[in-house]
Structure formats: structure tokens, C-alpha cells
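This report concerns only the one structure given below.
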Number of protein chains: 2
Amino acid sequence: MPEIAEVQEIKDDYPTRREKEKIFDRCDPVVYEGFQGEIKHGLNKEALGSYEENGFMLFPSLFSKEEVAVFLEAFKDLIQSESLQTRDEYVTEPESGALRTIFSPHRFSAVFDRLSRDRRILDKVRQILGGDVYIHHSRINIKRGLEGKSFPWHSDFETWHAEDGFPRPRCLSACIMLTENTEFNGPLYLIRGSHKRFVSCAGQTPQNHFKESLKKQAYGSPSRAAIARLVDEGDLVGVYGPPGTLVLTEGNIMHGSPDNISPRARTNTFFVFNSVHNLPAPKPFGAGRFRPPFLSNRDYSPLEAVASERI
Amino acid sequence: MPEIAEVQEIKDDYPTRREKEKIFDRCDPVVYEGFQGEIKHGLNKEALGSYEENGFMLFPSLFSKEEVAVFLEAFKDLIQSESLQTRDEYVTEPESGALRTIFSPHRFSAVFDRLSRDRRILDKVRQILGGDVYIHHSRINIKRGLEGKSFPWHSDFETWHAEDGFPRPRCLSACIMLTENTEFNGPLYLIRGSHKRFVSCAGQTPQNHFKESLKKQAYGSPSRAAIARLVDEGDLVGVYGPPGTLVLTEGNIMHGSPDNISPRARTNTFFVFNSVHNLPAPKPFGAGRFRPPFLSNRDYSPLEAVASERI
């Protein structure tokens, strides 16, 4: 664990939520050196280079159908847990009241705890981030057929920096698809290479912004001109794959998601990993106070890998 | 021209806007025999069979870049026409007030008049519909970057039958892409093969429904269960292509469109052709009165083809 002193006085290299929008270059690496532990399911040099360049990486069907069936069963148990339904971690659709997101599945389910530390994920994550990591937050999202709505373009790191105090973009998301992701069912869209720019967004963060932002992003949203510029520099990419696909996305990559216009629900699990060398600053960089722990975990204990058991 | 007597008493084989939703089989052909005129740019038997089976057909880059440039220039002239801006044919976005659709471009522009009768389109249309056709309506749609919204699943024929009095689905749409269509910019999505079913929609048509329906479809919308059934029978298909691509879609095929989540506008032209053997009944089948002529043209004169001149 780093000393607290390390994070006491931190210069803000990624100012945001100011008066005017600005775009500037990322001043940190994407791939970090230094992880000393055992790596069984790591990335070779070419793969690391691709991740560095593009800001994301796909591993189609990394988890087997049988494993995905276990994950879905565990998800069903979570959905049916009455004690969970009254908690903040249980987020519903504004209109229908149907379940939309369960936060912190790794805290409520041994299956998702194990998945969050599976070597097939964790080896890659620790290799990229150059050392130990902890879970910033985790969630399972259902995007319901003909109901799940679009989510506008944003960088997660912009939020994690402004509202959660991450000093630097030394973090990433691992998404495991529990159902097929296609262009029809509200997949992840991203701008290739956009993780190398930082869009400093205009506007102050309102109090308790997170309550609204879970359902609709309003602050921390880049302008159309900023998105157009990033698209000119990169490409729009749709992230599609069969159930069991792992997607790693760099914390600062610009991404969004369209409506689910198909009749079937699309379900994905996310684990967001932050480096223990990037612990939150004493206060957020662009908000009056921190978001609650289910959105920004305060337990920074390094994760311990569990053996990978493909069934 | 058919005799008026032909269309005086018409049995309703496609009842809709009733109390309960129903799905039943199409009782009409998709491809019709009988066109006697000259065909220079027609479809062979295999292509006709594919259209019959799938309910749509793509002709990538059928019009050259140079031709598309002419169409876009003519569109710009229409946009800048002050007399058009005050007309019903000029439809704007509810929020920004920006242009969304120009109806009847073939009436206001010699370029679009010519395009509507170009043999590369008209030969195919008359061959499929088995005889002379007229234009039910035409339009140019701009789906603006980060602004253009989704359009839910529907069958055009359901509307044309209920609100415009088309007795049968002997009609189709020809779409010419004026900009590239991708999954990111609000393309056409359709359910392959769904033209062989008819979804009789629940609910009565309100007065002046068309004013709202231009901006947001509310009636004539199938349930989630109906869409799920059609998707089980067919497939979801995204219609993508470069500028100049022609897409023919059968009048009864179930289709929709997602948000334009890209930063760039997507522009398409549509001509809807109806057979002169399918003239509107004396009153609509599912509404109190007809929609206005710019949405449902009253001039049933058969179109005369003009030579195709690829530049």
C-alpha cells in the first residue's frame, strides 16, 4: 500500500468542470511498467502495443458458455435477493421500474467476487497498470429490449477525476458480456485513440450529481465539436461479441452507447480497476464532495488473483 | 389509369388500429407479374427471388460520387429556398429548430424529379410492382449528429393502409443514401422477412395524428412481443452503405432506426412508389380522414422513366 503522504498534495494535471471546454494531451502513460507478480494470462508485446495505441482490447469468448451460465445464474440470485432490492446498489429504470443496474456484485456474490479476481482478467489488468489494483466499483447492467436508452459520449476518467479524486488515468474497465452484444442491442461505442486526449468539460458539478447521472449523463459531457474532433483523429468503433467476451477499455477513452432497439435484453458485467499507485486525492478535483462508496469504493486493498478455471 | 369503380368497394384484408394487436400472414404477392414496358436496369430472377424472400435489396454505390454531389447541391438549394421554409413540407427538429425533413423534393427540384424517374430506380420498381407506379410521397431526411433521434419499429404499409387508404401492400420505398450510412449515424434497421406478416396494431388513430407522427411515432406501433416474434422468425439487419447506395424496401417490412450517436449528419432521400393498381380507397381503413397531399399525394399519374446517365 502506498503511504498516505503520497497523495496528500496533488497537482491537477487534468482540470475539468471549468468555465470553458478544452482539449489537451494526456500526460501519462497508457501501459505502465513494474508489475513483479506472476503472470499466467498476460499480454504479449504486440497486444500491449495495440492496447496502448487503440485504448481498448477484445477477447472474444474468453469465458466459456458454461461459465457464462454460472454468471447468469448468480445474477439471477442477486436479482431475487430481497435485501438487495432496498439498497442504493439496486437501480431501476425511470419509467418501468425494472432493474437496470446492480452495483457491487462482487460484494454480494461469491461468483462475481471470484470473477473479479480471475487471472484471465487480473493478470492482464495488473500487467497494463503496472502493479497491484483494487476495485473502484463493479456493476451488472441490463439494457432492456426496446427500452434501454442511449448514453451520450463521455470519458469515465473525467468523472472519476472530477467526482472521485483519481489523480491520473491509471485505471481501466473490464467488461464481461453475459449476453451477445450487437449493434442492435445498445452496445458500447468508442472512439479509437481518444484516450490520448483529455476533454476538460465545461460546467460546474451540481450537488448529488451522481443520483441523476446514474440514469442520464448531464455534466462531464463533451460538446459536439469536441466529439467531432476526436472522431476526426480516430474512428468510431462498435464493440460486439458473443457471451463470455472480455473487453478492456482504458479509463479515459471516449465512449457512449445507443438505445437497445432489439426486443431482447443485453446484459454486461463491469469491474473498474484502479492502480494502488493512483489512490483518490483527499478531495475530488471537480466536485464538492465524494460520491458514495458503492460508486467509488474506499477499500483500497490490493486484489489477490484466483486461479482461472475454464469449465 | 384504373377505373374509379375498381376501388369503390374494397374489402379490408389488413384490418388495423383495432382493440387488440394481432399478427397474420400477408395475403398478397411481394413481386408482381405484368409489367410490359421496356426494362434496361431490371433485376434477374435470382435478385427478384431475394427481394421476395428478404423484403429488401441493396445496390451499393449505384449512383456515382459525382451524381451524389449534384443531388447534395440540389438539396442545398432546397434548404436555402425561402418560400419552402414556410411550407408544411419543411419539417424541423422539435428542440433545435434545425431542418429535419423536406417533403416532395421531386416537386420543387428538377434534379430530384429526374432522380425519381431514373431508370436505375424505376425499371426495378415497375418490374417488382408489375406495372406503372406513381409517387405516394418523397422526402429528404437529415439525421443530425448527436441530435437525430431514434424511430421505433413500424411497417409503413400499416400507416399507408390505415391513414392513406392503400388497399394492399403493392408499394415500396426507394432510399438513396446521400451520405454514408453506418451503424453509428442512425441507419435503417429492419427485420428480414417481416414483410410476410402483418401486425394489426392496437389503438385508434387520433385526429391529425400525422402532425405528431412526423416527429415521433405513437400509433401504429407494434408491441414488444410482436417485434420479438418477428425477430425470432427473421433477423435484424442494419442497412449500411456508401453515398449513392440505393435501397429498395418492401412497403410492409418492419423497420426502425436508432439515434445518430456520431457527430456528423446522415442524409437520405426517399421515394415511395405505389402501384396504379393499388390506388387509395375512398376513405382510409383506420382513420377518420386522409392525411394531407404532401404526405399522401393525390396525383396518380404514372411516372415516365428518364434515361439513366451515370456521370
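By convention in this document, the chains of the C-alpha cells carry letters A, B, ... by their order, each chain's residues are numbered from 1, and ligands are numbered from 1 in the order they are shown.
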Assign secondary structure with DSSP using the backbone only, and return the residues of segment 21-208 of chain B in helix (DSSP H, G or I) as number ranges by chain.
-> B: 45-54, 65-80, 82-85, 105-108, 110-116, 119-129, 156-164, 194-196
Residue list (strand (DSSP E), DSSP) for segment 227-293 of chain A, as an MDAnalysis selection string | chainID A and resid 236:239 246:250 254:257 266:275
Closest of B:Leu115, B:Leu172, B:Leu188, B:Leu279 to chain A, counting only C-alpha atoms, is B:Leu188
Test item: chain B residues at most 10 Å from chain A, counting only C-alpha atoms, as JSON, numbers by chain = {"B": [145, 146, 147, 149, 150, 151, 152, 153, 182, 183, 184, 186, 189, 191, 223, 224, 225, 226, 227, 228, 229, 230, 231, 232, 236, 237, 238, 256, 257, 258, 259, 260, 261, 262, 263, 264]}
Emit the selected residues as a compact mmCIF listing (two decimals), in the first residue's frame, including C-alpha atoms.
# COMPACT_ATOMS: atom_id res chain seq x y z
CA GLY B 145 -25.09 14.31 -35.50
CA LEU B 146 -25.63 13.72 -31.75
CA GLU B 147 -29.16 15.06 -32.19
CA LYS B 149 -33.34 10.61 -32.63
CA SER B 150 -34.40 7.01 -32.96
CA PHE B 151 -37.62 5.95 -34.68
CA PRO B 152 -39.39 2.89 -33.27
CA TRP B 153 -40.26 -0.25 -35.22
CA THR B 182 -23.20 3.30 -40.74
CA GLU B 183 -24.39 1.74 -37.52
CA PHE B 184 -23.24 4.90 -35.75
CA GLY B 186 -28.87 6.39 -37.27
CA TYR B 189 -32.65 -1.26 -39.22
CA ILE B 191 -36.39 -7.32 -39.70
CA SER B 223 -45.81 -4.33 -29.08
CA ARG B 224 -42.53 -5.70 -27.84
CA ALA B 225 -43.96 -9.22 -28.09
CA ALA B 226 -44.81 -8.70 -31.77
CA ILE B 227 -41.32 -7.42 -32.57
CA ALA B 228 -39.77 -10.31 -30.63
CA ARG B 229 -41.81 -12.78 -32.66
CA LEU B 230 -40.82 -11.23 -35.99
CA VAL B 231 -37.16 -11.19 -34.93
CA ASP B 232 -37.42 -14.87 -33.97
CA LEU B 236 -32.21 -7.92 -37.51
CA VAL B 237 -30.40 -6.30 -40.40
CA GLY B 238 -28.56 -2.98 -40.48
CA GLY B 256 -36.85 1.33 -37.29
CA SER B 257 -33.83 3.50 -36.75
CA PRO B 258 -31.51 4.28 -33.82
CA ASP B 259 -30.19 7.66 -32.67
CA ASN B 260 -27.41 9.27 -34.64
CA ILE B 261 -24.68 8.97 -32.00
CA SER B 262 -21.97 10.12 -34.42
CA PRO B 263 -21.01 13.79 -34.67
CA ARG B 264 -21.93 14.02 -38.38
Could you name the residues that touch segment 297-306 of chain B at 10 Å or less, counting only C-alpha atoms, but leaving out those on the same chain fewer than 2 positions away, as a PyMOL selection string?
-> chain B and resi 1-2+38+104+113-123+126+131-138+164+273-276+279-280+291-295+308-309
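Between atom CA of Val239 of chain B and atom CA of Glu233 of chain A there is a distance of 25.6 Å.
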8 Å contact set for Ile140 of chain B, only C-alpha atoms, chain neighbours under 5 positions out, as an mmCIF file with C-alpha atoms, in the first residue's frame:
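New file around.cif:
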data_model
loop_
_atom_site.group_PDB
_atom_site.id
_atom_site.type_symbol
_atom_site.label_atom_id
_atom_site.label_comp_id
_atom_site.auth_asym_id
_atom_site.auth_seq_id
_atom_site.Cartn_x
_atom_site.Cartn_y
_atom_site.Cartn_z
ATOM 1 C CA THR B 101 -37.117 16.715 -43.462
ATOM 2 C CA ILE B 102 -38.047 18.292 -46.769
ATOM 3 C CA PHE B 103 -41.074 16.576 -48.287
ATOM 4 C CA PRO B 105 -38.294 17.345 -53.259
ATOM 5 C CA THR B 267 -28.779 12.403 -45.175
ATOM 6 C CA ASN B 268 -31.019 10.086 -47.205
ATOM 7 C CA THR B 269 -33.604 10.670 -49.952
ATOM 8 C CA PHE B 270 -36.747 8.562 -50.176
#
Which neighbours of Glu163 of chain B fall inside 7 Å, counting only C-alpha atoms, when residues of the same chain fewer than 6 positions from it are skipped, and could you give them as a VMD selection string?
-> chain B and resid 284 to 287 290 to 291
Straight-line distance linking atom CA of Glu180 of chain A with atom CA of Thr245 of chain A, stated in Å to one decimal |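 One can read the atom CA of Glu180 of chain A to atom CA of Thr245 of chain A distance as 8.5 Å.
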Any idea what's packed within 12 Å of Pro60 of chain A, counting only C-alpha atoms, ignoring anything in its chain fewer than 2 positions away? Could you give it as a list in words?
-> Met57, Leu58, Leu62, Phe63, Ser64, Lys65, Cys175, Ile176, Met177, Leu178, Glu180, Asn181, Val239, Tyr240, Gly241, Pro242, Pro243, Gly244, Thr245, Leu246, Val247 and Leu248 of chain A
